[in-house]
>>> print(open('upload_18.tsv').read())   # TSV, C-alpha atoms
chain	number	residue	atom	x	y	z
A	1	MET	CA	-27.40	45.37	83.11
A	2	MET	CA	-25.66	42.30	84.66
A	3	LYS	CA	-26.16	43.76	88.14
A	4	ILE	CA	-29.87	44.24	87.53
A	5	LEU	CA	-30.27	40.68	86.24
A	6	SER	CA	-28.36	39.32	89.24
A	7	LYS	CA	-30.70	41.15	91.65
A	8	ILE	CA	-33.76	39.84	89.85
A	9	LEU	CA	-32.45	36.24	89.99
A	10	ILE	CA	-31.64	36.56	93.70
A	11	ALA	CA	-35.13	37.95	94.36
A	12	LEU	CA	-36.78	35.14	92.44
A	13	SER	CA	-34.79	32.52	94.41
A	14	PHE	CA	-36.67	33.57	97.56
A	15	VAL	CA	-40.12	33.48	95.95
A	16	HIS	CA	-42.07	30.20	95.92
A	17	CYS	CA	-43.44	30.03	92.40
A	18	GLY	CA	-44.22	26.31	92.02
A	19	HIS	CA	-42.46	23.51	90.25
A	20	ALA	CA	-41.02	25.65	87.53
A	21	PHE	CA	-38.51	27.14	90.02
A	22	CYS	CA	-38.43	24.69	92.96
A	23	ASN	CA	-38.17	21.28	91.27
A	24	PRO	CA	-34.51	20.46	90.83
A	25	ARG	CA	-35.38	18.43	87.72
A	26	PRO	CA	-38.28	20.33	86.08
A	27	ARG	CA	-40.20	18.71	83.28
A	28	LEU	CA	-40.43	20.54	80.01
A	29	PRO	CA	-44.02	21.60	79.27
A	30	SER	CA	-45.79	19.70	76.55
A	31	ALA	CA	-47.50	21.40	73.66
A	32	ARG	CA	-50.75	21.43	75.66
A	33	THR	CA	-49.17	22.60	78.91
A	34	SER	CA	-49.32	26.31	79.73
A	35	PRO	CA	-46.29	28.05	81.22
A	36	PRO	CA	-46.43	28.23	85.03
A	37	LEU	CA	-48.10	31.45	86.26
A	38	SER	CA	-48.30	30.62	89.98
A	39	CYS	CA	-45.76	33.35	90.86
A	40	GLN	CA	-48.31	35.99	89.85
A	41	THR	CA	-50.93	34.73	92.31
A	42	HIS	CA	-48.86	34.83	95.51
A	43	ASN	CA	-49.07	37.69	97.96
A	44	PRO	CA	-45.87	39.70	97.50
A	45	SER	CA	-46.08	40.96	101.07
A	46	ARG	CA	-44.93	37.56	102.28
A	47	HIS	CA	-41.69	37.71	100.31
A	48	HIS	CA	-38.85	40.08	99.66
A	49	ARG	CA	-39.66	43.06	97.51
A	50	GLY	CA	-37.64	42.46	94.39
A	51	GLY	CA	-36.90	44.66	91.40
A	52	VAL	CA	-39.95	43.41	89.54
A	53	LEU	CA	-42.35	44.87	92.09
A	54	LYS	CA	-40.50	48.16	92.16
A	55	SER	CA	-40.61	48.51	88.40
A	56	THR	CA	-44.39	47.95	88.42
A	57	ALA	CA	-44.92	50.70	91.01
A	58	SER	CA	-42.69	53.13	89.16
A	59	ALA	CA	-44.68	52.54	85.95
A	60	ASP	CA	-47.95	53.47	87.68
A	61	ALA	CA	-46.57	56.59	89.39
A	62	PRO	CA	-45.98	58.68	86.24
A	63	ALA	CA	-49.48	57.87	84.98
A	64	ALA	CA	-51.02	59.00	88.26
A	65	GLY	CA	-48.85	62.13	88.24
A	66	THR	CA	-49.92	62.93	84.68
A	67	GLN	CA	-53.60	62.59	85.58
A	68	GLN	CA	-53.17	64.87	88.59
A	69	SER	CA	-51.35	67.45	86.45
A	70	GLU	CA	-54.06	67.36	83.77
A	71	GLN	CA	-56.79	67.72	86.39
A	72	ARG	CA	-55.00	70.66	87.97
A	73	THR	CA	-54.66	72.35	84.57
A	74	GLU	CA	-58.38	71.86	83.84
A	75	ASP	CA	-59.27	73.29	87.25
A	76	LEU	CA	-57.10	76.35	86.64
A	77	ILE	CA	-58.65	76.91	83.20
A	78	SER	CA	-62.10	76.87	84.79
A	79	THR	CA	-60.95	79.22	87.55
A	80	VAL	CA	-59.45	81.71	85.09
A	81	SER	CA	-62.72	81.71	83.16
A	82	LYS	CA	-64.54	82.53	86.39
A	83	LEU	CA	-62.07	85.31	87.16
A	84	LYS	CA	-62.76	86.90	83.78
A	85	ARG	CA	-66.47	86.98	84.59
A	86	VAL	CA	-65.72	88.51	87.99
A	87	LEU	CA	-63.58	91.23	86.38
A	88	ALA	CA	-66.31	91.98	83.83
A	89	GLN	CA	-68.83	92.42	86.65
A	90	GLU	CA	-66.42	94.66	88.57
A	91	TYR	CA	-66.02	96.94	85.56
A	92	ILE	CA	-69.77	97.09	84.98
A	93	SER	CA	-70.37	98.08	88.61
A	94	PHE	CA	-67.27	100.31	88.73
A	95	PHE	CA	-65.80	98.01	91.38
A	96	ASP	CA	-68.76	98.31	93.70
A	97	PRO	CA	-68.22	95.84	95.18
A	98	MET	CA	-64.60	94.91	94.61
A	99	VAL	CA	-64.23	91.15	95.14
A	100	SER	CA	-61.13	91.22	97.30
A	101	SER	CA	-60.85	87.42	97.60
A	102	TRP	CA	-59.30	87.35	94.12
A	103	TYR	CA	-56.57	89.84	95.04
A	104	LYS	CA	-53.37	89.23	96.95
A	105	SER	CA	-53.24	91.19	100.20
A	106	ASP	CA	-50.23	93.20	98.95
A	107	VAL	CA	-51.45	93.49	95.34
A	108	THR	CA	-49.72	96.25	93.38
A	109	PHE	CA	-51.43	98.81	91.16
A	110	VAL	CA	-49.51	100.96	88.70
A	111	ASP	CA	-50.81	103.39	86.08
A	112	PRO	CA	-49.15	106.38	84.39
A	113	LEU	CA	-50.15	108.65	87.30
A	114	THR	CA	-50.37	106.39	90.34
A	115	SER	CA	-48.42	103.66	92.09
A	116	LEU	CA	-49.74	101.91	95.21
A	117	SER	CA	-49.96	98.53	96.92
A	118	GLY	CA	-52.44	96.69	99.11
A	119	VAL	CA	-56.10	95.82	98.65
A	120	ASP	CA	-57.31	98.71	100.83
A	121	SER	CA	-55.28	101.31	98.93
A	122	TYR	CA	-56.51	99.81	95.65
A	123	ARG	CA	-60.15	100.02	96.77
A	124	ASN	CA	-59.81	103.57	98.16
A	125	ASN	CA	-58.31	104.80	94.89
A	126	VAL	CA	-61.25	103.43	92.88
A	127	ASP	CA	-63.80	104.71	95.39
A	128	MET	CA	-62.31	108.21	95.22
A	129	LEU	CA	-62.48	108.25	91.43
A	130	ALA	CA	-66.07	107.01	91.53
A	131	GLY	CA	-67.04	109.72	94.02
A	132	ARG	CA	-67.69	107.29	96.87
A	133	THR	CA	-65.30	109.04	99.27
A	134	LEU	CA	-65.45	112.57	100.67
A	135	MET	CA	-62.56	113.77	98.51
A	136	GLY	CA	-64.01	112.02	95.48
A	137	LYS	CA	-67.35	113.76	95.96
A	138	LEU	CA	-65.58	117.13	96.01
A	139	LEU	CA	-63.39	116.48	92.95
A	140	PHE	CA	-65.17	114.17	90.52
A	141	ASP	CA	-68.55	113.46	89.03
A	142	GLY	CA	-70.05	111.15	86.44
A	143	ALA	CA	-67.23	108.62	86.47
A	144	GLY	CA	-67.85	105.55	84.34
A	145	ILE	CA	-65.94	102.83	82.58
A	146	ASN	CA	-66.81	100.84	79.46
A	147	LEU	CA	-65.28	97.38	79.20
A	148	HIS	CA	-64.56	96.37	75.60
A	149	SER	CA	-62.85	93.00	76.05
A	150	VAL	CA	-61.27	90.55	78.51
A	151	THR	CA	-58.61	88.32	76.96
A	152	GLY	CA	-55.60	86.17	77.89
A	153	GLY	CA	-55.19	83.92	80.91
A	154	GLU	CA	-54.04	80.82	79.00
A	155	VAL	CA	-52.87	77.98	81.26
A	156	THR	CA	-49.82	75.91	80.27
A	157	ASP	CA	-48.15	72.95	81.98
A	158	SER	CA	-44.48	72.34	81.19
A	159	ASN	CA	-42.87	69.40	82.99
A	160	GLY	CA	-45.13	69.83	85.99
A	161	ARG	CA	-44.70	73.59	86.19
A	162	VAL	CA	-48.03	75.34	85.66
A	163	GLN	CA	-48.00	78.87	84.30
A	164	VAL	CA	-50.93	81.26	83.89
A	165	ASP	CA	-50.60	84.05	81.30
A	166	ASP	CA	-51.65	87.64	81.98
A	167	VAL	CA	-55.30	88.60	81.68
A	168	ILE	CA	-55.75	91.81	79.66
A	169	THR	CA	-58.78	94.09	79.72
A	170	ARG	CA	-59.48	96.90	77.25
A	171	TRP	CA	-61.56	99.81	78.50
A	172	THR	CA	-62.53	103.47	78.20
A	173	LEU	CA	-62.75	105.62	81.34
A	174	ARG	CA	-64.60	108.93	81.64
A	175	VAL	CA	-64.64	111.27	84.61
A	176	THR	CA	-65.77	114.88	85.05
A	177	ALA	CA	-63.66	117.24	87.15
A	178	LYS	CA	-66.51	119.13	88.79
A	179	VAL	CA	-64.15	121.08	91.04
A	180	LEU	CA	-63.39	123.31	88.02
A	181	PRO	CA	-66.05	125.88	87.00
A	182	TRP	CA	-66.25	124.69	83.37
A	183	LYS	CA	-66.48	121.04	84.49
A	184	PRO	CA	-64.24	119.43	81.88
A	185	GLU	CA	-64.46	115.73	81.09
A	186	ALA	CA	-61.29	113.68	81.00
A	187	VAL	CA	-61.30	110.54	78.88
A	188	PHE	CA	-58.77	107.71	79.02
A	189	SER	CA	-58.72	104.56	76.96
A	190	GLY	CA	-56.22	101.76	77.32
A	191	ILE	CA	-55.54	98.33	78.75
A	192	SER	CA	-54.98	96.73	82.14
A	193	VAL	CA	-52.52	93.86	82.45
A	194	TYR	CA	-53.31	91.55	85.37
A	195	LYS	CA	-50.46	89.37	86.68
A	196	LEU	CA	-51.83	86.07	87.99
A	197	GLN	CA	-50.52	83.39	90.30
A	198	PRO	CA	-51.99	79.95	91.09
A	199	GLY	CA	-53.21	79.65	94.66
A	200	GLY	CA	-55.12	81.79	97.12
A	201	LYS	CA	-58.72	81.62	98.30
A	202	GLU	CA	-60.18	81.28	94.81
A	203	GLY	CA	-57.46	79.14	93.23
A	204	ILE	CA	-56.06	82.09	91.24
A	205	THR	CA	-54.69	85.30	92.76
A	206	ILE	CA	-54.18	88.71	91.16
A	207	VAL	CA	-50.74	89.82	92.32
A	208	GLY	CA	-50.46	93.00	90.26
A	209	GLN	CA	-52.26	95.28	87.81
A	210	THR	CA	-50.57	97.67	85.39
A	211	ASP	CA	-52.59	100.19	83.36
A	212	TYR	CA	-51.52	101.76	80.07
A	213	TRP	CA	-53.11	104.67	78.18
A	214	ASP	CA	-53.53	104.69	74.41
A	215	SER	CA	-52.64	108.37	74.33
A	216	ILE	CA	-49.11	108.08	75.73
A	217	ASN	CA	-48.02	104.45	76.21
A	218	ILE	CA	-48.20	102.98	72.69
A	219	LYS	CA	-44.79	102.45	71.14
A	220	GLU	CA	-44.76	102.71	67.35
A	221	GLY	CA	-43.49	99.82	65.29
A	222	MET	CA	-44.34	97.14	67.85
A	223	ASP	CA	-46.62	94.14	67.26
A	224	PRO	CA	-50.15	95.20	68.29
A	225	SER	CA	-51.09	91.57	68.94
A	226	ILE	CA	-48.70	91.51	71.93
A	227	PRO	CA	-49.87	94.31	74.26
A	228	GLN	CA	-47.07	93.65	76.75
A	229	THR	CA	-44.55	94.83	74.14
A	230	GLN	CA	-46.71	97.35	72.27
A	231	TYR	CA	-47.33	99.37	75.44
A	232	GLN	CA	-44.31	100.87	77.18
A	233	LYS	CA	-44.00	102.80	80.42
A	234	VAL	CA	-43.36	106.54	80.15
A	235	SER	CA	-42.43	109.27	82.58
A	236	LYS	CA	-45.07	110.56	84.97
A	237	SER	CA	-44.65	114.04	83.49
A	238	SER	CA	-46.11	112.77	80.19
A	239	ALA	CA	-49.16	111.49	82.05
A	240	ILE	CA	-49.62	114.75	83.95
A	241	GLN	CA	-49.37	116.73	80.73
A	242	ASP	CA	-51.96	114.49	79.05
A	243	PHE	CA	-54.36	114.81	81.99
A	244	LEU	CA	-54.01	118.58	82.42
A	245	GLY	CA	-54.40	119.05	78.67
A	246	GLN	CA	-57.91	117.61	78.95
A	247	LEU	CA	-58.80	119.85	81.89
A	248	LYS	CA	-58.11	123.08	80.06
A	249	PRO	CA	-61.15	125.04	78.81
A	250	ASP	CA	-60.01	124.35	75.24
A	251	GLY	CA	-58.92	120.78	75.88
A	252	PHE	CA	-58.64	118.24	73.09
A	253	ARG	CA	-61.84	117.67	71.18
A	254	ALA	CA	-62.06	116.10	67.74
A	255	ALA	CA	-63.81	118.52	65.40
A	256	ALA	CA	-67.32	117.48	64.37
A	257	ALA	CA	-68.46	118.24	60.83
A	258	ALA	CA	-72.14	118.19	61.82
A	259	PRO	CA	-74.42	117.16	64.69
A	260	GLU	CA	-73.36	113.64	65.56
A	261	LEU	CA	-75.04	110.42	66.50
A	262	PRO	CA	-74.35	108.94	69.93
A	263	TYR	CA	-71.16	106.91	69.80
A	264	LEU	CA	-68.97	104.69	71.94
A	265	LEU	CA	-65.38	105.87	72.31
A	266	LEU	CA	-63.06	102.92	71.81
A	267	ARG	CA	-59.75	104.74	71.89
A	268	ARG	CA	-58.45	108.19	72.64
A	269	GLY	CA	-55.04	108.19	71.07
A	270	ASP	CA	-52.42	110.85	70.55
A	271	GLY	CA	-54.48	113.43	68.64
A	272	TYR	CA	-57.23	111.09	67.42
A	273	GLU	CA	-60.30	109.24	68.57
A	274	LEU	CA	-61.60	105.85	67.49
A	275	ARG	CA	-65.38	105.69	67.79
A	276	ARG	CA	-68.12	103.15	67.23
A	277	TYR	CA	-71.29	104.60	65.73
A	278	PRO	CA	-74.61	102.79	65.33
A	279	GLY	CA	-75.77	101.92	61.84
A	280	PHE	CA	-77.59	104.86	60.26
A	281	VAL	CA	-78.99	105.65	56.83
A	282	GLY	CA	-78.94	109.38	56.04
A	283	ILE	CA	-80.24	109.39	52.46
A	284	GLU	CA	-81.56	106.53	50.34
A	285	THR	CA	-82.96	106.60	46.82
A	286	PRO	CA	-83.85	104.03	44.14
A	287	TYR	CA	-81.90	104.23	40.88
A	288	GLU	CA	-81.54	102.62	37.45
A	289	ARG	CA	-78.16	104.09	36.50
A	290	ARG	CA	-75.50	104.82	39.04
A	291	ASP	CA	-74.75	108.32	37.74
A	292	TYR	CA	-78.46	109.16	38.00
A	293	GLY	CA	-78.46	107.86	41.54
A	294	PHE	CA	-75.52	110.06	42.47
A	295	GLY	CA	-77.34	112.99	40.91
A	296	SER	CA	-80.37	112.38	43.09
A	297	LEU	CA	-78.25	112.03	46.20
A	298	GLY	CA	-76.34	115.17	45.27
A	299	ALA	CA	-79.57	117.16	45.37
A	300	PHE	CA	-79.69	116.42	49.08
A	301	ALA	CA	-75.97	116.38	49.82
A	302	LYS	CA	-74.55	119.61	48.42
A	303	ASP	CA	-71.35	119.38	46.37
A	304	MET	CA	-71.27	115.60	46.56
A	305	ASN	CA	-68.49	114.03	44.54
A	306	PRO	CA	-70.08	111.98	41.69
A	307	LEU	CA	-67.59	109.20	42.39
A	308	ALA	CA	-67.97	109.27	46.16
A	309	PRO	CA	-68.41	105.87	47.79
A	310	SER	CA	-71.89	104.79	48.75
A	311	ILE	CA	-73.70	101.67	49.85
A	312	MET	CA	-75.75	100.16	47.03
A	313	LYS	CA	-78.32	97.39	47.32
A	314	VAL	CA	-78.89	95.30	44.21
A	315	TYR	CA	-81.40	92.47	44.68
A	316	ASN	CA	-81.13	89.23	42.74
A	317	ASP	CA	-84.87	88.82	42.46
A	318	ASN	CA	-85.58	88.52	38.74
A	319	ASP	CA	-87.86	85.56	39.41
A	320	ASP	CA	-89.69	87.13	42.35
A	321	ALA	CA	-93.32	88.12	41.99
A	322	VAL	CA	-92.58	91.60	43.35
A	323	PHE	CA	-89.59	93.37	41.82
A	324	LYS	CA	-87.31	95.28	44.19
A	325	GLU	CA	-85.57	98.40	42.94
A	326	LYS	CA	-81.88	99.01	43.36
A	327	THR	CA	-81.17	101.57	46.01
A	328	MET	CA	-78.18	103.64	47.03
>>> encode(input="upload_18.tsv", output="structure tokens")
Amino acid sequence: MMKILSKILIALSFVHCGHAFCNPRPRLPSARTSPPLSCQTHNPSRHHRGGVLKSTASADAPAAGTQQSEQRTEDLISTVSKLKRVLAQEYISFFDPMVSSWYKSDVTFVDPLTSLSGVDSYRNNVDMLAGRTLMGKLLFDGAGINLHSVTGGEVTDSNGRVQVDDVITRWTLRVTAKVLPWKPEAVFSGISVYKLQPGGKEGITIVGQTDYWDSINIKEGMDPSIPQTQYQKVSKSSAIQDFLGQLKPDGFRAAAAAPELPYLLLRRGDGYELRRYPGFVGIETPYERRDYGFGSLGAFAKDMNPLAPSIMKVYNDNDDAVFKEKTM
């Protein structure tokens, strides 16, 4: 501390700041006299650069650095949001076109069956599956992908180090193997984990993509809210077995109790399917007593359990001009 004070005093001895410092016998200011401020109005470039000037510059530097860091974080957040929209469009169009400016030139792609690197290899693999190459036209037909969600990509700044979390897409892929006489359809549902890195032509670069299938990669007992830990890599033989099992003439099909409505397959797991059906009313009848209502429904639905669940509508319209009956 004494050294710092000594340097400040030495610096001030070279600065002309008026009578307060230069008069060998300074007068004490009266009650109506303001303290001398002339040292603040001089051009510091004409004098030695003392510790006071350095401390002022160092106080401004962190503020400027903080503003730059905040601006960079905001820019990255906006760029990640744009990337998500680009990915959604790629899925909708089945990567036709694939916007290569978002991908690193040596981007890696890994799924349970395939491992490759490079934008061209990535694009050729998708084009083959979609039937846009000669081999693809011979092997596959009717390929399509449904995108269910695009999540992740949070941007964090820790002590000047910016980090971008993985972007995760959830999807269902269908493709028909037309090379086989019975033309089986293979269905895969799962997630893609995109590894991101700040930089590149667009401001964010995809450096790697790893796909996982619901049917073979889910590890039981793990937190489903953290896909990176819920999904685990498995041997390629498990993937081949899952794929070939769908190509057999009697491949996996969930048994249907009756003719079904069109549905969207959300997941094809290990021995089960998770589907989304549209809203549909099969039978509806007004009723006064619930047991009578079940009796009426049972006349249409044979062997219906009297205590089976049903959707009942009870209107709170006692004061309405037109009374509405309860229905079930």
>>> closest_atom_pairs(input="upload_18.tsv", of="region 201-253 of chain A", to="region 167-191 of chain A", cutoff="10 Å", atoms="all atoms listed in the file", output="tab-separated table")
residue	atom	partner	partner_atom	distance
A:Ile206	CA	A:Val167	CA	9.5
A:Gln209	CA	A:Ile168	CA	9.5
A:Thr210	CA	A:Ile191	CA	8.3
A:Asp211	CA	A:Ile191	CA	5.8
A:Tyr212	CA	A:Gly190	CA	5.4
A:Trp213	CA	A:Gly190	CA	4.3
A:Asp214	CA	A:Gly190	CA	4.9
A:Ser215	CA	A:Ser189	CA	7.6
A:Ile216	CA	A:Gly190	CA	9.6
A:Asn217	CA	A:Gly190	CA	8.7
A:Ile218	CA	A:Gly190	CA	9.3
A:Pro227	CA	A:Ile191	CA	8.3
A:Gln228	CA	A:Ile168	CA	9.3
A:Tyr231	CA	A:Ile191	CA	8.9
A:Asp242	CA	A:Ala186	CA	9.6
A:Phe243	CA	A:Ala186	CA	7.1
A:Leu244	CA	A:Ala186	CA	8.9
A:Gly245	CA	A:Ala186	CA	9.0
A:Gln246	CA	A:Ala186	CA	5.6
A:Leu247	CA	A:Pro184	CA	5.5
A:Lys248	CA	A:Pro184	CA	7.4
A:Pro249	CA	A:Trp182	CA	6.9
A:Asp250	CA	A:Pro184	CA	9.3
A:Gly251	CA	A:Pro184	CA	8.1
A:Phe252	CA	A:Ala186	CA	9.5
>>> closest_residue(input="upload_18.tsv", among="A:Asp96, A:Leu147, A:Tyr292, A:Pro224", to="Arg123 (chain A)", atoms="all atoms listed in the file")
A:Asp96
>>> closest_residue(input="upload_18.tsv", among="A:Ile145, A:Ile226, A:Val99, A:Met128", to="Thr205 (chain A)", atoms="only C-alpha atoms")
A:Val99
>>> closest_residue(input="upload_18.tsv", among="A:Gly118, A:Gly152, A:Pro97, A:Gly160", to="Ala130 (chain A)", atoms="all atoms listed in the file")
A:Pro97
>>> atom_distance(input="upload_18.tsv", atom1="CA of Arg85 (chain A)", atom2="CA of Val119 (chain A)")
19.6 Å
>>> residues_around(input="upload_18.tsv", residues="region 67-78 of chain A", least_positions_apart="6", cutoff="8 Å", atoms="only C-alpha atoms", output="ChimeraX atom specification")
/A:154-157,160,162,198,203-204
>>> write_last_selection(input="upload_18.tsv", atoms="C-alpha atoms", output="PDB file, in the coordinates of the input")
ATOM      1  CA  GLU A 154     -54.040  80.820  79.000  1.00  0.00           C
ATOM      2  CA  VAL A 155     -52.870  77.980  81.260  1.00  0.00           C
ATOM      3  CA  THR A 156     -49.820  75.910  80.270  1.00  0.00           C
ATOM      4  CA  ASP A 157     -48.150  72.950  81.980  1.00  0.00           C
ATOM      5  CA  GLY A 160     -45.130  69.830  85.990  1.00  0.00           C
ATOM      6  CA  VAL A 162     -48.030  75.340  85.660  1.00  0.00           C
ATOM      7  CA  PRO A 198     -51.990  79.950  91.090  1.00  0.00           C
ATOM      8  CA  GLY A 203     -57.460  79.140  93.230  1.00  0.00           C
ATOM      9  CA  ILE A 204     -56.060  82.090  91.240  1.00  0.00           C
TER      10      ILE A 204
END
>>> residues_around(input="upload_18.tsv", residues="region 199-202 of chain A", least_positions_apart="4", cutoff="8 Å", atoms="all atoms listed in the file", output="list in words")
Thr79, Ser101, Trp102 and Lys104 of chain A
>>> atom_distance(input="upload_18.tsv", atom1="CA of Tyr122 (chain A)", atom2="CA of Ile240 (chain A)")
20.2 Å
>>> closest_residue(input="upload_18.tsv", among="A:Leu266, A:Leu116, A:Val107, A:Leu129", to="Tyr194 (chain A)", atoms="only C-alpha atoms")
A:Val107
>>> closest_residue(input="upload_18.tsv", among="A:Tyr103, A:Tyr287, A:Ser158, A:Leu265", to="Ser117 (chain A)", atoms="all atoms listed in the file")
A:Tyr103
>>> atom_distance(input="upload_18.tsv", atom1="CA of Gly136 (chain A)", atom2="CA of Phe95 (chain A)")
14.7 Å
>>> closest_residue(input="upload_18.tsv", among="A:Thr151, A:Asn124, A:Thr327, A:Thr114", to="Ser237 (chain A)", atoms="only C-alpha atoms")
A:Thr114
>>> decode(input="upload_18.tsv", residues="region 140-148 of chain A", atoms="all heavy atoms", output="PDB file, in the first residue's frame")
ATOM      1  N   PHE A 140     -35.010 -48.934 -51.711  1.00  0.00           N
ATOM      2  CA  PHE A 140     -36.001 -48.348 -50.806  1.00  0.00           C
ATOM      3  C   PHE A 140     -37.083 -47.597 -51.558  1.00  0.00           C
ATOM      4  O   PHE A 140     -36.918 -47.179 -52.697  1.00  0.00           O
ATOM      5  CB  PHE A 140     -35.312 -47.390 -49.821  1.00  0.00           C
ATOM      6  CG  PHE A 140     -34.214 -48.034 -49.028  1.00  0.00           C
ATOM      7  CD1 PHE A 140     -32.897 -47.616 -49.172  1.00  0.00           C
ATOM      8  CD2 PHE A 140     -34.482 -49.064 -48.146  1.00  0.00           C
ATOM      9  CE1 PHE A 140     -31.880 -48.205 -48.451  1.00  0.00           C
ATOM     10  CE2 PHE A 140     -33.474 -49.666 -47.416  1.00  0.00           C
ATOM     11  CZ  PHE A 140     -32.169 -49.234 -47.570  1.00  0.00           C
ATOM     12  N   ASP A 141     -38.197 -47.415 -50.819  1.00  0.00           N
ATOM     13  CA  ASP A 141     -39.329 -46.687 -51.366  1.00  0.00           C
ATOM     14  C   ASP A 141     -40.125 -46.093 -50.196  1.00  0.00           C
ATOM     15  O   ASP A 141     -40.143 -46.653 -49.098  1.00  0.00           O
ATOM     16  CB  ASP A 141     -40.221 -47.600 -52.197  1.00  0.00           C
ATOM     17  CG  ASP A 141     -41.278 -46.828 -52.970  1.00  0.00           C
ATOM     18  OD1 ASP A 141     -41.082 -45.616 -53.173  1.00  0.00           O
ATOM     19  OD2 ASP A 141     -42.307 -47.419 -53.335  1.00  0.00           O
ATOM     20  N   GLY A 142     -40.775 -44.983 -50.462  1.00  0.00           N
ATOM     21  CA  GLY A 142     -41.682 -44.401 -49.473  1.00  0.00           C
ATOM     22  C   GLY A 142     -41.031 -43.944 -48.192  1.00  0.00           C
ATOM     23  O   GLY A 142     -41.682 -43.929 -47.137  1.00  0.00           O
ATOM     24  N   ALA A 143     -39.773 -43.543 -48.242  1.00  0.00           N
ATOM     25  CA  ALA A 143     -39.101 -43.099 -47.022  1.00  0.00           C
ATOM     26  C   ALA A 143     -39.682 -41.753 -46.577  1.00  0.00           C
ATOM     27  O   ALA A 143     -39.967 -40.878 -47.390  1.00  0.00           O
ATOM     28  CB  ALA A 143     -37.598 -42.973 -47.253  1.00  0.00           C
ATOM     29  N   GLY A 144     -39.855 -41.622 -45.286  1.00  0.00           N
ATOM     30  CA  GLY A 144     -40.366 -40.378 -44.721  1.00  0.00           C
ATOM     31  C   GLY A 144     -40.008 -40.277 -43.257  1.00  0.00           C
ATOM     32  O   GLY A 144     -39.788 -41.293 -42.586  1.00  0.00           O
ATOM     33  N   ILE A 145     -39.931 -39.055 -42.761  1.00  0.00           N
ATOM     34  CA  ILE A 145     -39.578 -38.835 -41.371  1.00  0.00           C
ATOM     35  C   ILE A 145     -40.519 -37.793 -40.771  1.00  0.00           C
ATOM     36  O   ILE A 145     -40.809 -36.776 -41.402  1.00  0.00           O
ATOM     37  CB  ILE A 145     -38.102 -38.402 -41.242  1.00  0.00           C
ATOM     38  CG1 ILE A 145     -37.667 -38.381 -39.785  1.00  0.00           C
ATOM     39  CG2 ILE A 145     -37.852 -37.075 -41.915  1.00  0.00           C
ATOM     40  CD1 ILE A 145     -36.160 -38.268 -39.604  1.00  0.00           C
ATOM     41  N   ASN A 146     -41.034 -38.090 -39.588  1.00  0.00           N
ATOM     42  CA  ASN A 146     -41.872 -37.164 -38.846  1.00  0.00           C
ATOM     43  C   ASN A 146     -41.058 -36.575 -37.707  1.00  0.00           C
ATOM     44  O   ASN A 146     -40.514 -37.317 -36.882  1.00  0.00           O
ATOM     45  CB  ASN A 146     -43.111 -37.868 -38.278  1.00  0.00           C
ATOM     46  CG  ASN A 146     -44.090 -38.278 -39.360  1.00  0.00           C
ATOM     47  OD1 ASN A 146     -44.313 -37.545 -40.313  1.00  0.00           O
ATOM     48  ND2 ASN A 146     -44.672 -39.458 -39.218  1.00  0.00           N
ATOM     49  N   LEU A 147     -40.973 -35.267 -37.664  1.00  0.00           N
ATOM     50  CA  LEU A 147     -40.259 -34.581 -36.585  1.00  0.00           C
ATOM     51  C   LEU A 147     -41.260 -34.242 -35.484  1.00  0.00           C
ATOM     52  O   LEU A 147     -42.263 -33.564 -35.728  1.00  0.00           O
ATOM     53  CB  LEU A 147     -39.598 -33.308 -37.108  1.00  0.00           C
ATOM     54  CG  LEU A 147     -38.852 -32.462 -36.080  1.00  0.00           C
ATOM     55  CD1 LEU A 147     -37.637 -33.209 -35.532  1.00  0.00           C
ATOM     56  CD2 LEU A 147     -38.431 -31.128 -36.692  1.00  0.00           C
ATOM     57  N   HIS A 148     -40.975 -34.695 -34.258  1.00  0.00           N
ATOM     58  CA  HIS A 148     -41.871 -34.451 -33.134  1.00  0.00           C
ATOM     59  C   HIS A 148     -41.439 -33.260 -32.290  1.00  0.00           C
ATOM     60  O   HIS A 148     -42.286 -32.557 -31.736  1.00  0.00           O
ATOM     61  CB  HIS A 148     -41.966 -35.700 -32.260  1.00  0.00           C
ATOM     62  CG  HIS A 148     -42.354 -36.936 -32.998  1.00  0.00           C
ATOM     63  ND1 HIS A 148     -43.493 -37.020 -33.760  1.00  0.00           N
ATOM     64  CD2 HIS A 148     -41.740 -38.149 -33.117  1.00  0.00           C
ATOM     65  CE1 HIS A 148     -43.572 -38.225 -34.312  1.00  0.00           C
ATOM     66  NE2 HIS A 148     -42.524 -38.920 -33.940  1.00  0.00           N
TER      67      HIS A 148
END
